[in-house]
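For reference, the structure is listed below as structure tokens.
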Amino acid sequence: MMSETLRQSLDLSIFWEYRATLAVGLLQNLYIFLASASLAMALALVISLSRLSGKMWLRAISTCYVELFRNTPEFVLLIWVYYVLPILLSRLLSTQFSLTAFVASVLGLGFAYSGFLSETIRAGIQSVPRGHIEAGVSLGMRERTILRRIVLPQALRRMLPEALSQLVSLFKATSIVSLVAVPDIMYQVSMVNVDQMQPLPLYTGAALLFCLVIITATQMIQILSDRWRRRGWA
Amino acid sequence: MKLSMDQPVSQSRPIVECRNLRKAFGANEVLRGISFEIPSGVVLSVIGASGSGKSTFLRCLNFLEQPTSGEVFLDGEPMGIRLGKDGRFTRDSPANIARMRAQIGMVFQQFNLWPHMTALENVTEALRQVKGMKRAEAIEIGRQFLGKVNLSDKADAYPARLSGGQQQRVAIARALAMQPKVLLFDEATSALDPELTGEVLDVMRALAEEGMTMVVVTHEMRFAKDVSDRVIFLHEGLIEEDGVPADVFGNPASERCRRFLSSVVH
Amino acid sequence: MLDNFNRFVIPNIDLLAQGLWVTVRICTIAFAMAVVIGAIACLVRLYLPGLRIVAIAYIEISRATPILVQLLWVNYVWPELFGFPKTVEWAGIIALAIQSSGYLAETFRSGIEGLPRGQVEASLAVGMSRLQTFRRIVVPQVLLVMSPSIINQLAVVVKASTLVSVIAIPDLMYDALKIVNQWFEPIEVLTSVAALYILTIFLLSAIAKWVADHFREKYGLDAHV
């Protein structure tokens with residue numbers, strides 16, 4: 001009995017049959033990933049520099065931002081952005097405001113991950129040894145030059161492995177957009193299942209697909225990090 | 001400490017003996033054939049440059065390093081190895097190795113106190129786990145040995161709260177509590193700030209005067225000169241100079257030893 | 001807005017409390033299971049050379065699969081394949097446990113491998129067996145040093161639990177969405193529920209941070225979050 005079902009669940013021919021539909025779905029994941037990753041990184045840069053700023057109010061606000069978004073479940077944020085934000089904005093702007101599920105997903109995931117990424121960037125900047133900065137100062141370099149030529153290049157290299165790892169998590173998280181009816185791969189898988197009633201190969205196939213993508217990405221990051229570390233970069 | 005003139009016959013066998021000890025790490029041969037005997041009650045200092053094999057030699061004595069060839073004997077019994085029927089030595093059982101290690105005490109350069117236990121718990125841990133003592137008895141003995149190193153008042157302190165010198169003294173008490181046949185010191189004061197080495201060296205001096213058999217790998221030349229009965233100078237895995245402190249420090253035969261001693265600040 | 005709060009949140013407080021209880025129940029059971037499974041996977045990986053590949057494969061796969069995918073897979077495929085789980089709640093618990101066990105296995109491994117060698121050497125030198133060393137010296141220190149990470153993993157489980165509503169487990173999110181779909185007034189309900197989640201997770205993170213500082217001070221251990 002079990003070997004029959006095992007064979008069934010590993011018989012991914014149905015996955016292959018519907019590959020066009022599923023590929024379109026995967027593309028949605030990719031688009032959302034690219035858009036939200038860009039948003040997250042842009043926000044993270046601003047927030048991390050604010051956290052390190054000399055002005056106390058800037059530090060306070062950015063700290064609250066980071067704490068808020070790091071401690072919020074992505075799904076809760078997504079639901080809130082999709083259902084509540086349009087209504088709030090409509091009332092605020094006195095117009096009818098609506099968000100497509102796609103935009104809501106990009107916003108939700110982008111803000112959610114900006115919290116983690118900003119901490120990674122901040123840690124990267126702070127990990128540049130004080131001595132390097134002091135050497136620049138004692139050579140007569142200006143603060144802006146030091147930031148640009150000494151701190152940021154090193155900070156970037158130091159934080160890259162961790163940042164890439166968080167982007168991988170972000171890609172994993174794009175799977176939840178199916179729950180607000182964005183036609184991503186999980187959504188398509190569910191639709192095919194409604195049609196064909198073959199959950200075994202479909203869900204097993206989806207799991208394997210994500211595994212493949214994520215493990216490949218993680219391994220590549222590991223290889224790159226090792227190479228960088230050997231070169232004395234990170 | 002001085003050797004007693006009327007030693008009982010059973011103590012004429014050396015406490016520690018090593019025969020043709022060799023140890024290689026991959027292609028790097030660190031010990032190239034060391035043979036030596038340490039009688040009971042003798043304080044032996046081992047000096048030499050970094051990389052001469054001093055620590056490796058010491059760690060072979062309690063089998064923390066397994067020699068590539070050669071044997072170590074503790075009171076006549078082979079350490080870490082057993083003699084098979086074919087006359088060859090093979091690695092001994094873990095239980096036997098542990099049993100023999102319990103008779104040897106080691107004090108490490110980095111103290112290696114267990115941070116999640118108080119000073120007293122560090123000292124009593126082996127008494128309870130290895131010797132199977134009951135808690136009350138172990139605590140009593142533990143307090144006794146903490147008193148011996150002048151740290152009775154720190155019994156309930158965690159290592160994080162102790163200075164380096166205090167931590168090392170607790171480490172010595174931990175090793176002593178097992179009442180070992182020989183105490184090994186692996187550069188016990190090298191990781192200490194200069195003003196803290198004195199308190200540890202004082203404890204070591206007192207132990208020597210009580211007749212403890214000690215093997216001390218050290219950079220503290222004054223200690224080696226004043227306290228040891230015997231000094232050996234290692235160079236690239238071999239004993240280059242061997243004798244009483246007066247000879248080794250005063251008039252070394254080996255040129256390398258002479259150069260080493262002159263480069264070390266007393 | 002306060003008016004709406006009274007209209008939609010207060011009357012439904014019983015329903016939401018039930019959902020909260022389901023969430024708490026699922027999270028604690030799943031977390032406990034994850035710790036056990038993660039410990040086993042870690043020990044197999046480190047000390048059973050024959051099964052090392054299996055352990056690594058398990059850890060990598062459980063970490064590489066999104067929680068949503070795992071929920072659906074355990075819920076729809078496992079009953080056909082293995083005959084269990086019999087209820088959606090257990091499907092949720094198992095999926096959450098699998099997801100976190102991978103991370104915890106790696107956490108334990110990093111703790112064990114990060115322990116200074118001298119700790120084990122001191123233990124062997126005084127005559128303790130390897131088993132005694134592991135039990136009395138390695139495990140306590142690993143747990144102490146890794147406890148902030150472990151507590152944070154509980155926070156991660158709570159975050160992941162927000163998705164279990166997709167397999168019709170009546171947790172807090174499920175009830176919240178039910179109310180929203182019923183009354184089409186999402187603001188108060190969703191914001192309250194969101195606030196509750198955020199507060200809980202913030203509390204867990206704060207506890208983790210406090211534990212890290214406390215252990216660093218008391219034992220001098222580099223306990224990090």
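Lettering and numbering for the structure tokens are positional, with chains as A, B, ... in the shown order, residues counted from 1 in each chain, and ligands counted from 1 in the shown order.
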
Per residue of chain C within 12 Å of chain B, record the nearest atom pair and its distance in Å to one decimal, counting only C-alpha atoms, with rows in chain order and ascending residue number, as a tab-separated table.
```
residue	atom	partner	partner_atom	distance
C:Leu115	CA	B:Trp114	CA	11.1
C:Pro116	CA	B:Asn112	CA	8.7
C:Arg117	CA	B:Asn112	CA	9.0
C:Gly118	CA	B:Asn112	CA	5.6
C:Gln119	CA	B:Asn112	CA	5.4
C:Val120	CA	B:Asn112	CA	8.7
C:Glu121	CA	B:Leu64	CA	7.3
C:Ala122	CA	B:Asn112	CA	6.1
C:Ser123	CA	B:Ala126	CA	8.1
C:Leu124	CA	B:Ala98	CA	7.0
C:Ala125	CA	B:Arg101	CA	5.7
C:Val126	CA	B:Ala102	CA	5.1
C:Gly127	CA	B:Ala102	CA	4.1
C:Met128	CA	B:Val130	CA	5.8
C:Ser129	CA	B:Ala98	CA	6.1
C:Arg130	CA	B:Pro94	CA	8.3
C:Leu131	CA	B:Pro94	CA	10.5
C:Gln132	CA	B:Gln129	CA	7.4
C:Thr133	CA	B:Gln129	CA	9.6
C:Arg135	CA	B:Gln129	CA	10.8
C:Arg136	CA	B:Glu125	CA	8.8
C:Ile137	CA	B:Trp114	CA	7.1
C:Val138	CA	B:Trp114	CA	9.6
C:Val139	CA	B:His116	CA	10.7
C:Pro140	CA	B:His116	CA	7.4
C:Gln141	CA	B:His116	CA	6.6
C:Val142	CA	B:His116	CA	10.3
C:Leu143	CA	B:His116	CA	10.6
C:Leu144	CA	B:His116	CA	8.4
C:Val145	CA	B:His116	CA	10.3
C:Phe215	CA	B:His116	CA	9.4
C:Arg216	CA	B:Ala160	CA	8.9
C:Glu217	CA	B:Ala160	CA	7.6
C:Lys218	CA	B:Ala160	CA	6.7
C:Tyr219	CA	B:Ala160	CA	5.3
C:Gly220	CA	B:Ala160	CA	4.9
C:Leu221	CA	B:Pro115	CA	7.3
C:Asp222	CA	B:Pro115	CA	11.0
```

Could you save the residues just selected, with N, CA and C atoms, as a JSON list (two decimals), in the first residue's frame?
```
[["chain", "number", "residue", "atom", "x", "y", "z"],
["C", 115, "LEU", "N", 32.85, 24.87, 21.17],
["C", 115, "LEU", "CA", 33.37, 24.73, 22.53],
["C", 115, "LEU", "C", 34.89, 24.62, 22.47],
["C", 116, "PRO", "N", 35.63, 25.39, 23.27],
["C", 116, "PRO", "CA", 37.09, 25.31, 23.21],
["C", 116, "PRO", "C", 37.58, 23.90, 23.55],
["C", 117, "ARG", "N", 38.55, 23.43, 22.78],
["C", 117, "ARG", "CA", 39.04, 22.06, 22.96],
["C", 117, "ARG", "C", 39.57, 21.84, 24.36],
["C", 118, "GLY", "N", 40.12, 22.89, 24.94],
["C", 118, "GLY", "CA", 40.70, 22.77, 26.27],
["C", 118, "GLY", "C", 39.72, 22.28, 27.31],
["C", 119, "GLN", "N", 38.43, 22.58, 27.11],
["C", 119, "GLN", "CA", 37.43, 22.14, 28.07],
["C", 119, "GLN", "C", 37.37, 20.63, 28.11],
["C", 120, "VAL", "N", 37.36, 20.01, 26.92],
["C", 120, "VAL", "CA", 37.31, 18.55, 26.85],
["C", 120, "VAL", "C", 38.64, 17.96, 27.33],
["C", 121, "GLU", "N", 39.76, 18.62, 26.96],
["C", 121, "GLU", "CA", 41.06, 18.09, 27.38],
["C", 121, "GLU", "C", 41.20, 18.08, 28.88],
["C", 122, "ALA", "N", 40.75, 19.15, 29.53],
["C", 122, "ALA", "CA", 40.84, 19.20, 31.00],
["C", 122, "ALA", "C", 40.03, 18.06, 31.61],
["C", 123, "SER", "N", 38.91, 17.77, 30.99],
["C", 123, "SER", "CA", 38.06, 16.71, 31.51],
["C", 123, "SER", "C", 38.69, 15.33, 31.31],
["C", 124, "LEU", "N", 39.25, 15.10, 30.13],
["C", 124, "LEU", "CA", 39.91, 13.82, 29.89],
["C", 124, "LEU", "C", 41.14, 13.68, 30.77],
["C", 125, "ALA", "N", 41.87, 14.79, 30.94],
["C", 125, "ALA", "CA", 43.12, 14.74, 31.71],
["C", 125, "ALA", "C", 42.87, 14.33, 33.15],
["C", 126, "VAL", "N", 41.69, 14.62, 33.66],
["C", 126, "VAL", "CA", 41.42, 14.31, 35.06],
["C", 126, "VAL", "C", 40.79, 12.92, 35.20],
["C", 127, "GLY", "N", 40.66, 12.24, 34.05],
["C", 127, "GLY", "CA", 40.24, 10.84, 34.09],
["C", 127, "GLY", "C", 38.79, 10.59, 33.76],
["C", 128, "MET", "N", 38.04, 11.59, 33.32],
["C", 128, "MET", "CA", 36.64, 11.35, 32.97],
["C", 128, "MET", "C", 36.55, 10.67, 31.62],
["C", 129, "SER", "N", 35.52, 9.83, 31.47],
["C", 129, "SER", "CA", 35.32, 9.15, 30.19],
["C", 129, "SER", "C", 34.71, 10.14, 29.20],
["C", 130, "ARG", "N", 34.70, 9.75, 27.92],
["C", 130, "ARG", "CA", 34.12, 10.62, 26.89],
["C", 130, "ARG", "C", 32.66, 10.88, 27.16],
["C", 131, "LEU", "N", 31.96, 9.84, 27.64],
["C", 131, "LEU", "CA", 30.53, 10.01, 27.91],
["C", 131, "LEU", "C", 30.32, 10.98, 29.06],
["C", 132, "GLN", "N", 31.11, 10.83, 30.11],
["C", 132, "GLN", "CA", 31.00, 11.74, 31.25],
["C", 132, "GLN", "C", 31.33, 13.16, 30.81],
["C", 133, "THR", "N", 32.35, 13.28, 29.98],
["C", 133, "THR", "CA", 32.74, 14.60, 29.48],
["C", 133, "THR", "C", 31.59, 15.24, 28.72],
["C", 135, "ARG", "N", 28.39, 14.57, 28.90],
["C", 135, "ARG", "CA", 27.22, 14.81, 29.73],
["C", 135, "ARG", "C", 27.42, 15.97, 30.70],
["C", 136, "ARG", "N", 28.61, 16.05, 31.32],
["C", 136, "ARG", "CA", 28.80, 17.00, 32.40],
["C", 136, "ARG", "C", 29.46, 18.30, 31.96],
["C", 137, "ILE", "N", 30.24, 18.22, 30.85],
["C", 137, "ILE", "CA", 31.01, 19.40, 30.46],
["C", 137, "ILE", "C", 30.51, 20.01, 29.16],
["C", 138, "VAL", "N", 30.26, 19.16, 28.15],
["C", 138, "VAL", "CA", 29.90, 19.69, 26.83],
["C", 138, "VAL", "C", 28.45, 20.16, 26.79],
["C", 139, "VAL", "N", 27.53, 19.26, 27.13],
["C", 139, "VAL", "CA", 26.10, 19.58, 26.99],
["C", 139, "VAL", "C", 25.69, 20.80, 27.82],
["C", 140, "PRO", "N", 26.05, 20.88, 29.10],
["C", 140, "PRO", "CA", 25.62, 22.06, 29.86],
["C", 140, "PRO", "C", 26.11, 23.36, 29.23],
["C", 141, "GLN", "N", 27.37, 23.37, 28.78],
["C", 141, "GLN", "CA", 27.89, 24.60, 28.21],
["C", 141, "GLN", "C", 27.23, 24.94, 26.90],
["C", 142, "VAL", "N", 26.99, 23.93, 26.07],
["C", 142, "VAL", "CA", 26.33, 24.18, 24.78],
["C", 142, "VAL", "C", 24.94, 24.77, 25.00],
["C", 143, "LEU", "N", 24.20, 24.18, 25.96],
["C", 143, "LEU", "CA", 22.86, 24.69, 26.23],
["C", 143, "LEU", "C", 22.90, 26.12, 26.73],
["C", 144, "LEU", "N", 23.87, 26.41, 27.60],
["C", 144, "LEU", "CA", 23.96, 27.76, 28.13],
["C", 144, "LEU", "C", 24.29, 28.76, 27.03],
["C", 145, "VAL", "N", 25.28, 28.43, 26.22],
["C", 145, "VAL", "CA", 25.72, 29.36, 25.18],
["C", 145, "VAL", "C", 24.66, 29.52, 24.10],
["C", 215, "PHE", "N", 24.05, 35.32, 31.12],
["C", 215, "PHE", "CA", 25.02, 34.23, 31.09],
["C", 215, "PHE", "C", 26.43, 34.74, 30.81],
["C", 216, "ARG", "N", 26.51, 35.79, 29.99],
["C", 216, "ARG", "CA", 27.82, 36.33, 29.70],
["C", 216, "ARG", "C", 28.44, 36.89, 30.98],
["C", 217, "GLU", "N", 27.60, 37.51, 31.80],
["C", 217, "GLU", "CA", 28.10, 38.12, 33.02],
["C", 217, "GLU", "C", 28.43, 37.07, 34.07],
["C", 218, "LYS", "N", 27.56, 36.09, 34.21],
["C", 218, "LYS", "CA", 27.72, 35.13, 35.29],
["C", 218, "LYS", "C", 28.82, 34.12, 35.00],
["C", 219, "TYR", "N", 28.84, 33.60, 33.77],
["C", 219, "TYR", "CA", 29.75, 32.52, 33.47],
["C", 219, "TYR", "C", 30.89, 32.95, 32.55],
["C", 220, "GLY", "N", 30.84, 34.19, 32.06],
["C", 220, "GLY", "CA", 31.87, 34.59, 31.13],
["C", 220, "GLY", "C", 31.74, 33.89, 29.79],
["C", 221, "LEU", "N", 30.58, 33.28, 29.55],
["C", 221, "LEU", "CA", 30.39, 32.57, 28.28],
["C", 221, "LEU", "C", 29.94, 33.55, 27.22],
["C", 222, "ASP", "N", 30.40, 33.33, 26.01],
["C", 222, "ASP", "CA", 30.00, 34.22, 24.92],
["C", 222, "ASP", "C", 28.65, 33.79, 24.38]]
```

Margin query: Please find the residues of chain C near chain A - the criterion being any atom within 10 Å, counting only C-alpha atoms - and write them as an MDAnalysis selection string.
Written below: chainID C and resid 60:78 80:83 155:163 166 173 177 180 184:191 193:205

Checklist line | Long-range neighbours of Thr23 (chain C) as a PyMOL selection string, 7 Å cut-off, only C-alpha atoms, 3 positions minimum in chain | finding: chain C and resi 19-20+26-27+171-172

Item checked: Those of region 4-144 of chain B in DSSP strand (DSSP E), formatted as JSON, numbers by chain -> {"B": [16, 17, 18, 19, 20, 21, 22, 23, 24, 25, 28, 29, 30, 31, 32, 33, 34, 35, 36, 37, 38, 43, 44, 45, 46, 47, 48, 69, 70, 71, 72, 73, 74, 77, 78, 81, 82, 83, 89, 90, 91, 104, 105, 106, 107]}

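Counting only C-alpha atoms, the residue from A:Ile125, A:Leu52, A:Ala104, A:Ile221 that sits nearest to Val151 (chain A) is A:Ile125.
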
Next item on the list: Could you jot down the CA of Gln219 (chain A) to CA of Ser105 (chain A) separation for me, Å, one decimal place?
Entry: 27.2 Å

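Distance check against Tyr113 (chain A) using only C-alpha atoms: of A:Tyr18, A:Phe97, A:Trp57, A:Phe33, the minimum falls on A:Phe33.
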
Next item on the list: With a distance cut-off of 12 Å and only C-alpha atoms, select the neighbouring residues of Thr87 (chain C), excluding the residue or stretch itself and same-chain residues fewer than 2 positions from it, and output the selection as an MDAnalysis selection string.
Entry: chainID C and resid 74:76 78:79 83:85 89:94 167:169

Next item on the list: Point out the residue among C:Trp183, C:Trp210, C:Phe134, C:Trp21 with the least atom-to-atom distance to Ile151 (chain C), counting only C-alpha atoms.
Entry: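 Smallest distance to Ile151 (chain C) is found for C:Trp210.
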
Checklist line | Residue list (alpha helix (DSSP H), DSSP) for region 120-237 of chain B, as number ranges by chain | finding: B: 120-129, 135-148, 164-176, 194-209, 221-227

Output for the residues just chosen: C-alpha atoms as a short mmCIF file (atom, residue, chain, number, x, y, z; two decimals), in the first residue's frame:
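Written out: result.cif:
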```
data_model
loop_
_atom_site.label_atom_id
_atom_site.label_comp_id
_atom_site.auth_asym_id
_atom_site.auth_seq_id
_atom_site.Cartn_x
_atom_site.Cartn_y
_atom_site.Cartn_z
CA LEU B 120 34.52 24.13 44.43
CA GLU B 121 32.44 22.27 41.86
CA ASN B 122 35.41 22.31 39.47
CA VAL B 123 37.53 20.65 42.15
CA THR B 124 34.94 18.08 43.23
CA GLU B 125 33.70 17.12 39.76
CA ALA B 126 36.35 14.48 39.08
CA LEU B 127 36.16 13.17 42.64
CA ARG B 128 32.49 12.43 42.12
CA GLN B 129 32.49 11.34 38.49
CA ARG B 135 28.84 14.66 47.44
CA ALA B 136 29.56 15.43 51.08
CA GLU B 137 32.90 13.64 51.09
CA ALA B 138 33.96 15.23 47.81
CA ILE B 139 33.07 18.70 49.07
CA GLU B 140 35.12 18.19 52.20
CA ILE B 141 38.17 17.13 50.24
CA GLY B 142 37.55 19.89 47.72
CA ARG B 143 37.54 22.54 50.42
CA GLN B 144 40.71 21.10 51.82
CA PHE B 145 42.57 21.47 48.54
CA LEU B 146 41.13 24.90 47.85
CA GLY B 147 42.52 25.86 51.23
CA LYS B 148 45.89 24.50 50.21
CA GLY B 164 43.88 34.59 36.05
CA GLY B 165 46.12 33.71 38.95
CA GLN B 166 43.15 32.59 41.04
CA GLN B 167 41.78 30.49 38.19
CA GLN B 168 45.11 28.76 37.74
CA ARG B 169 45.32 28.01 41.45
CA VAL B 170 41.83 26.47 41.31
CA ALA B 171 43.07 24.42 38.35
CA ILE B 172 45.99 23.22 40.46
CA ALA B 173 43.63 22.32 43.31
CA ARG B 174 41.45 20.44 40.81
CA ALA B 175 44.44 18.40 39.70
CA LEU B 176 45.72 17.88 43.26
CA PRO B 194 53.32 39.30 35.21
CA GLU B 195 52.04 40.40 38.61
CA LEU B 196 49.89 37.27 38.91
CA THR B 197 52.55 34.68 38.11
CA GLY B 198 54.03 34.94 41.59
CA GLU B 199 51.04 33.48 43.41
CA VAL B 200 50.98 30.46 41.09
CA LEU B 201 54.74 29.89 41.23
CA ASP B 202 54.54 30.02 45.04
CA VAL B 203 52.00 27.19 45.03
CA MET B 204 54.18 25.18 42.66
CA ARG B 205 57.21 25.80 44.85
CA ALA B 206 55.32 24.58 47.94
CA LEU B 207 54.23 21.43 46.13
CA ALA B 208 57.82 20.74 45.09
CA GLU B 209 58.96 21.08 48.68
CA MET B 221 63.96 30.34 34.11
CA ARG B 222 64.28 31.55 37.70
CA PHE B 223 61.76 28.99 38.83
CA ALA B 224 63.47 26.27 36.82
CA LYS B 225 66.82 27.18 38.34
CA ASP B 226 65.62 27.47 41.95
CA VAL B 227 63.05 24.74 42.26
#
```
